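**Q** My structure is below; once you've seen it, I'll send some questions.
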Amino acid sequence: FTCLKFHFKWATLTVFLDSVWLAPPPASSLSRESASLDPTVAKRLMELYASGMLPKDEIFTLSCQHIRYQVARLFDAFYFAKDFDTFFKVASWAKKHINPVMFSYTFTLAVLHREDTRAFSIPPPYEVFPSYFVPMDTMHQIYDQKMAGFKQVCPPESKTSILSISYKNKYGSNETLYDRFRHILPSGMFKYNNTGYEHNYHDNMFGGPMSFDVFNPHVDYKVSYFREDVGLNSFYPLSFRFPSWMNIKKYNFKGYFRRGELFYYIHQQMLARYTLERLANGLPFVEAFSYDKPIQVGYNPRIAHFNGEALLARPDDYNLKYSPNSLYMQLAKTAELRLLDAIDYGGFWNATSDSLYNIFNDDGVDVLGNLMLGSLGRRDPISKYYGAYYYHLLEALGYLAKTNNNFNYNGGATTLKISTLRDPAFYNIVVRIVGLFQKLKSHLPFYTSKDLKFPGVSVTNFEVDKLVTYFDMFDFEVTNGVAVSHPKDYIDYKYYASQFRLNHKPFNYKISVNSDAAYDGIVRVFIGPKYDSEEKIMTLNQKRMAMVEIDRFPVKSKFNSHDTT
């Protein structure tokens, strides 16, 4: 299996996994084939599989507690495989028998955590499950071309010599004929626009002073390009590298492990980055999610699950009091009140009420984050009392339609990690989550000058190039979105989607440092706003929560003055 050691395409892995067993073996064969797998782990997974796991054609969501339990058992089988050969066999069995999204999610986690798979290059989720990223109408065009017999006419890897001719465009940048005319080339390339400025054919009905849409209470479509960015939505599920069910002692993780603190950092930085984009487009700050007021901004995901079921849309000014999932809303409100009580009290009692866990210390943020995620254990009394605030909020926002049976069990964008960031209302939730952390941090001691200063080292100057952003096309393969008769056919069929994405020109910054000796340090670079949406200058205290960390690197300062670029 040396071909899997460094870089592999998902289609290639599919061929290899399918070739291990030409016919699906009985479920019990996992324990026989995997002699190097812990018998207890194999037995638990087989018992769970025999009792009924999520069917292969059903919707996978981590909102369900029993689905998270199934993911944990499957991860155990991947993680505790004693060698790579055993891990490969277990993955081969799971590929044939387990729900594909559950398999992909759990397999990716295992690859990230196993020591013998650290060098693997994991394919991006938007190539594995393109239907969660590409609009349904674009996927339908791809399906039509597949049914018409077109395979690959002009994908990016096979440009002809004429199309590869390079020249200087009017901006002074190098450009090829392929780049200039690819939007009209008859090929397996499908372009879609989610910048909020899509072409409007019905201009007699929309966009004018007497049109149907003349009353528009919000203009959040201006930042839809950010929320629906394929890279951003691929990053979010992978940022939960340590899910709520992972136990550091059970898996013997080494190194820095602060899941709750990472949960806060990711969401605070996500909110700050979204705030920058809103201010750049003249939009105000994001308001906190309200349990009692209608959700002003509606959202239509325009994407579908891998089985073809569309994610549900939410209209503007949706009133939550008419929502059929009032239970989730009540669970979220109750969990938040209990978290607020713990913050105001400075801690929480253990199950026997004889020991108080103090959260007014360096570990307080990490503990609070674990409480929000419900990470203390499924049977832990404290976890039962505080619930899973984060998941309750997502469920309250995602399941707004009435469901009578499991065939109708479907929700909106926030029911999946891979699409959560697309929903503008999610950022209202993030404001509420970050607000709880900030309330806790307001009780902690203030930083002193000694905490913030670096004695003997001073920054004397900072220079940075002008930051220029622009939209360009990003091409990615979506062949996995169509069915083929045999996995090897993925070699012949190649289809690509092309998305408008925000990009920037390369820029440099130079930091001049004066040091009285040689020191080891860490440089952290942030970018933040200067003006608010009304072009008023912001104070440092006003913009501190909108500062985004764009770089971090170790440095060894030298004696006297020197520059760091």
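Each chain in the structure tokens gets a letter, A, B, ..., in the order shown, and its residues are numbered from 1; ligands are numbered from 1 in order too.
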Just want the 10 Å neighbourhood of A:Trp349, counted on only C-alpha atoms, with same-chain residues fewer than 6 positions away dropped. Output as a list in words.
**A**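 Here the qualifying residues turn out to be Ala342, Ser355, Leu356, Tyr357, Asn358 and Ile382 of chain A.
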**Q** Can I get the selected residues back with C-alpha atoms, as an mmCIF file, in the first residue's frame?
**A**
```cif
data_model
loop_
_atom_site.group_PDB
_atom_site.id
_atom_site.type_symbol
_atom_site.label_atom_id
_atom_site.label_comp_id
_atom_site.auth_asym_id
_atom_site.auth_seq_id
_atom_site.Cartn_x
_atom_site.Cartn_y
_atom_site.Cartn_z
ATOM 1 C CA ALA A 342 -22.150 28.951 36.615
ATOM 2 C CA SER A 355 -16.435 19.834 45.410
ATOM 3 C CA LEU A 356 -16.583 23.104 43.460
ATOM 4 C CA TYR A 357 -14.930 23.392 40.039
ATOM 5 C CA ASN A 358 -13.514 26.910 39.852
ATOM 6 C CA ILE A 382 -22.787 17.439 35.040
#
```
**Q** Could you give me, as a ChimeraX atom specification, the residues within 9 Å of stretch 57-72 of chain A, counting only C-alpha atoms and dropping anything in the same chain fewer than 6 positions from it?
**A** /A:45,48-49,99-103,105-106,244-246,305-307,309,378,391-392,394-395,406-407,409-410,415-417
**Q** Give the alpha helix (DSSP H) residues of stretch 120-153 of chain A, as assigned by DSSP on the backbone, as a ChimeraX atom specification.
**A** /A:125-128,136-147
**Q** So, counting only C-alpha atoms, which residue among A:Asp116, A:Asp423, A:Asp489, A:Asp366 is closest to A:Asn233?
**A** A:Asp423
**Q** Just checking: using only C-alpha atoms, which residue out of A:Lys558, A:Ala94, A:Arg259, A:Ser323 ends up closest to A:Lys56?
**A**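 Closest to A:Lys56 of all the choices is A:Ala94.
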**Q** Using the chain letters and numbers from this document, which residues of stretch 461-560 of chain A does DSSP assign to strand (DSSP E or B), as a ChimeraX atom specification?
**A** /A:461-464,469-477,496-504,509-515,519-527,531,537,548-557,560
**Q** Would you write out those residues with C-alpha atoms, as a PDB file, in the first residue's frame?
**A**
```
ATOM      1  CA  ASN A 461       8.584  50.210  12.939  1.00  0.00           C
ATOM      2  CA  PHE A 462       6.004  48.279  10.953  1.00  0.00           C
ATOM      3  CA  GLU A 463       5.595  48.478   7.188  1.00  0.00           C
ATOM      4  CA  VAL A 464       3.053  46.661   5.043  1.00  0.00           C
ATOM      5  CA  THR A 469      -8.480  42.014  -2.981  1.00  0.00           C
ATOM      6  CA  TYR A 470     -10.408  40.852  -6.029  1.00  0.00           C
ATOM      7  CA  PHE A 471     -12.676  38.077  -7.263  1.00  0.00           C
ATOM      8  CA  ASP A 472     -11.389  35.322  -9.480  1.00  0.00           C
ATOM      9  CA  MET A 473     -12.537  31.883 -10.542  1.00  0.00           C
ATOM     10  CA  PHE A 474     -11.623  28.813  -8.532  1.00  0.00           C
ATOM     11  CA  ASP A 475     -11.880  25.485 -10.360  1.00  0.00           C
ATOM     12  CA  PHE A 476     -12.420  22.218  -8.522  1.00  0.00           C
ATOM     13  CA  GLU A 477     -13.389  18.719  -9.580  1.00  0.00           C
ATOM     14  CA  TYR A 496     -15.267  20.755 -12.891  1.00  0.00           C
ATOM     15  CA  ALA A 497     -17.145  23.541 -11.150  1.00  0.00           C
ATOM     16  CA  SER A 498     -15.869  27.099 -11.136  1.00  0.00           C
ATOM     17  CA  GLN A 499     -16.781  29.389  -8.249  1.00  0.00           C
ATOM     18  CA  PHE A 500     -16.260  33.122  -7.791  1.00  0.00           C
ATOM     19  CA  ARG A 501     -13.987  33.441  -4.750  1.00  0.00           C
ATOM     20  CA  LEU A 502     -12.390  36.328  -2.939  1.00  0.00           C
ATOM     21  CA  ASN A 503      -8.641  36.446  -3.480  1.00  0.00           C
ATOM     22  CA  HIS A 504      -5.822  38.903  -2.812  1.00  0.00           C
ATOM     23  CA  TYR A 509       5.045  43.234   5.829  1.00  0.00           C
ATOM     24  CA  LYS A 510       8.255  44.173   7.611  1.00  0.00           C
ATOM     25  CA  ILE A 511       8.630  44.441  11.375  1.00  0.00           C
ATOM     26  CA  SER A 512      11.642  46.348  12.720  1.00  0.00           C
ATOM     27  CA  VAL A 513      12.717  45.119  16.142  1.00  0.00           C
ATOM     28  CA  ASN A 514      15.266  46.435  18.628  1.00  0.00           C
ATOM     29  CA  SER A 515      16.589  43.905  21.145  1.00  0.00           C
ATOM     30  CA  TYR A 519      15.527  36.103  22.800  1.00  0.00           C
ATOM     31  CA  ASP A 520      13.127  33.428  21.609  1.00  0.00           C
ATOM     32  CA  GLY A 521       9.641  34.733  20.940  1.00  0.00           C
ATOM     33  CA  ILE A 522       6.417  34.337  18.988  1.00  0.00           C
ATOM     34  CA  VAL A 523       5.200  36.921  16.491  1.00  0.00           C
ATOM     35  CA  ARG A 524       1.430  37.180  16.032  1.00  0.00           C
ATOM     36  CA  VAL A 525       0.077  39.410  13.273  1.00  0.00           C
ATOM     37  CA  PHE A 526      -3.516  40.684  13.295  1.00  0.00           C
ATOM     38  CA  ILE A 527      -5.636  42.616  10.820  1.00  0.00           C
ATOM     39  CA  TYR A 531     -13.861  52.381  10.390  1.00  0.00           C
ATOM     40  CA  ILE A 537     -13.196  55.763  13.292  1.00  0.00           C
ATOM     41  CA  VAL A 548      -8.256  38.549  12.930  1.00  0.00           C
ATOM     42  CA  GLU A 549      -4.984  36.679  13.412  1.00  0.00           C
ATOM     43  CA  ILE A 550      -3.455  36.168   9.954  1.00  0.00           C
ATOM     44  CA  ASP A 551       0.009  34.921  10.871  1.00  0.00           C
ATOM     45  CA  ARG A 552       1.942  33.377  13.749  1.00  0.00           C
ATOM     46  CA  PHE A 553       5.553  32.222  13.723  1.00  0.00           C
ATOM     47  CA  PRO A 554       8.490  31.721  16.113  1.00  0.00           C
ATOM     48  CA  VAL A 555      11.409  34.132  15.900  1.00  0.00           C
ATOM     49  CA  LYS A 556      14.806  34.456  17.531  1.00  0.00           C
ATOM     50  CA  SER A 557      15.547  38.111  18.093  1.00  0.00           C
ATOM     51  CA  ASN A 560      20.540  45.409  18.330  1.00  0.00           C
TER      52      ASN A 560
END
```
**Q** Between A:Lys441, A:Met329, A:Val431, A:Asn361, which one has atoms that come closest to A:Gly398, using only C-alpha atoms?
**A**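 Comparing A:Lys441, A:Met329, A:Val431, A:Asn361 against A:Gly398, the winner is A:Met329.
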**Q** Which of these residues is nearest to A:Met53, using only C-alpha atoms: A:Lys466, A:Ile98, A:Ser224, A:Asp316?
**A**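 Selected residue with least distance to A:Met53: A:Ile98.
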**Q** Please list as a list in words every residue within 12 Å of A:Gln141, counting only C-alpha atoms and excluding residues in the same chain fewer than 6 positions away.
**A**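 Answer for this query is Val134, Pro135, Met147, Ala148, Phe150, Ser187, Gly188, Met189, Phe190, Lys191, Tyr192, Val478, Gly481, Val482, Tyr495, Tyr496 and Ala497 of chain A.
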**Q** May I have the residues from that selection written out with N, CA and C atoms, as an mmCIF file, in the first residue's frame?
**A**
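See again_28.cif below for the written result:
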```
data_model
loop_
_atom_site.group_PDB
_atom_site.id
_atom_site.type_symbol
_atom_site.label_atom_id
_atom_site.label_comp_id
_atom_site.auth_asym_id
_atom_site.auth_seq_id
_atom_site.Cartn_x
_atom_site.Cartn_y
_atom_site.Cartn_z
ATOM 1 N N VAL A 134 -21.936 22.773 -4.301
ATOM 2 C CA VAL A 134 -22.338 23.295 -5.603
ATOM 3 C C VAL A 134 -23.861 23.387 -5.659
ATOM 4 N N PRO A 135 -24.427 24.510 -6.146
ATOM 5 C CA PRO A 135 -25.887 24.636 -6.237
ATOM 6 C C PRO A 135 -26.515 23.502 -7.043
ATOM 7 N N MET A 147 -25.240 12.314 -18.744
ATOM 8 C CA MET A 147 -26.213 11.485 -19.446
ATOM 9 C C MET A 147 -26.093 11.630 -20.956
ATOM 10 N N ALA A 148 -25.627 12.792 -21.419
ATOM 11 C CA ALA A 148 -25.457 13.009 -22.856
ATOM 12 C C ALA A 148 -24.205 12.346 -23.401
ATOM 13 N N PHE A 150 -20.966 13.148 -22.582
ATOM 14 C CA PHE A 150 -19.736 13.940 -22.562
ATOM 15 C C PHE A 150 -18.880 13.526 -21.372
ATOM 16 N N SER A 187 -17.002 22.479 -22.507
ATOM 17 C CA SER A 187 -16.163 21.544 -21.764
ATOM 18 C C SER A 187 -16.900 21.035 -20.548
ATOM 19 N N GLY A 188 -16.170 20.287 -19.721
ATOM 20 C CA GLY A 188 -16.722 19.804 -18.478
ATOM 21 C C GLY A 188 -16.602 20.819 -17.371
ATOM 22 N N MET A 189 -16.587 22.108 -17.699
ATOM 23 C CA MET A 189 -16.451 23.177 -16.720
ATOM 24 C C MET A 189 -17.798 23.866 -16.532
ATOM 25 N N PHE A 190 -18.235 23.994 -15.261
ATOM 26 C CA PHE A 190 -19.534 24.595 -14.975
ATOM 27 C C PHE A 190 -19.337 25.722 -13.975
ATOM 28 N N LYS A 191 -19.660 26.932 -14.399
ATOM 29 C CA LYS A 191 -19.445 28.119 -13.579
ATOM 30 C C LYS A 191 -20.726 28.483 -12.848
ATOM 31 N N TYR A 192 -20.605 28.863 -11.581
ATOM 32 C CA TYR A 192 -21.764 29.380 -10.849
ATOM 33 C C TYR A 192 -21.343 30.593 -10.039
ATOM 34 N N VAL A 478 -15.705 18.000 -9.551
ATOM 35 C CA VAL A 478 -16.973 17.597 -8.951
ATOM 36 C C VAL A 478 -17.458 16.276 -9.544
ATOM 37 N N GLY A 481 -19.878 13.845 -7.902
ATOM 38 C CA GLY A 481 -21.291 14.163 -7.787
ATOM 39 C C GLY A 481 -22.178 13.403 -8.742
ATOM 40 N N VAL A 482 -21.591 12.656 -9.680
ATOM 41 C CA VAL A 482 -22.365 11.853 -10.619
ATOM 42 C C VAL A 482 -22.011 10.386 -10.429
ATOM 43 N N TYR A 495 -15.400 16.287 -14.482
ATOM 44 C CA TYR A 495 -16.235 17.477 -14.511
ATOM 45 C C TYR A 495 -15.737 18.452 -13.445
ATOM 46 N N TYR A 496 -15.799 19.731 -13.773
ATOM 47 C CA TYR A 496 -15.267 20.755 -12.891
ATOM 48 C C TYR A 496 -16.304 21.847 -12.669
ATOM 49 N N ALA A 497 -16.343 22.363 -11.462
ATOM 50 C CA ALA A 497 -17.145 23.541 -11.150
ATOM 51 C C ALA A 497 -16.198 24.711 -10.954
#
```
**Q** I'd like to know which of A:Arg273, A:Lys249, A:Lys384, A:His443 is closest to A:Ile359, using only C-alpha atoms.
**A** A:His443
**Q** For A:Asn480, which residue out of A:Tyr126, A:Tyr79, A:Tyr221, A:Phe84 is the nearest one, using only C-alpha atoms?
**A**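 Of the candidates, the smallest distance to A:Asn480 is held by A:Tyr126.
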**Q** What is the distance between atom CA of A:Gln296 and atom CA of A:Ala396, in Å to one decimal?
**A**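 Going from atom CA of A:Gln296 over to atom CA of A:Ala396, I get 15.5 Å.
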**Q** Give me the residues near A:Ala310 as number ranges by chain, where near means some atom within 10 Å (using only C-alpha atoms) and where sequence neighbours in that chain fewer than 2 positions away do not count.
**A** A: 131-132, 136, 301-308, 312-313, 410-412
**Q** Please save C-alpha atoms of the selected residues as a PDB file, in the first residue's frame.
**A**
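What landed in again-v2.pdb:
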```
ATOM      1  CA  SER A 131     -23.513  18.361  -3.757  1.00  0.00           C
ATOM      2  CA  TYR A 132     -22.954  20.011  -0.357  1.00  0.00           C
ATOM      3  CA  MET A 136     -28.435  22.042  -7.329  1.00  0.00           C
ATOM      4  CA  PRO A 301     -29.037  26.904   0.757  1.00  0.00           C
ATOM      5  CA  ARG A 302     -29.649  25.766  -2.857  1.00  0.00           C
ATOM      6  CA  ILE A 303     -27.645  22.608  -2.142  1.00  0.00           C
ATOM      7  CA  ALA A 304     -28.653  19.000  -1.535  1.00  0.00           C
ATOM      8  CA  HIS A 305     -27.586  15.958   0.442  1.00  0.00           C
ATOM      9  CA  PHE A 306     -25.691  13.214  -1.317  1.00  0.00           C
ATOM     10  CA  ASN A 307     -28.957  11.253  -1.628  1.00  0.00           C
ATOM     11  CA  GLY A 308     -30.664  14.089  -3.500  1.00  0.00           C
ATOM     12  CA  LEU A 312     -34.618  23.252   3.621  1.00  0.00           C
ATOM     13  CA  ALA A 313     -34.914  26.996   3.100  1.00  0.00           C
ATOM     14  CA  ASN A 410     -34.429  16.877   7.056  1.00  0.00           C
ATOM     15  CA  GLY A 411     -33.314  20.317   8.106  1.00  0.00           C
ATOM     16  CA  GLY A 412     -31.561  23.483   7.067  1.00  0.00           C
TER      17      GLY A 412
END
```
**Q** Mind giving me the straight-line distance from atom CA of A:Val90 to atom CA of A:Lys488 in Å, one decimal?
**A**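 A separation of 21.8 Å between them.
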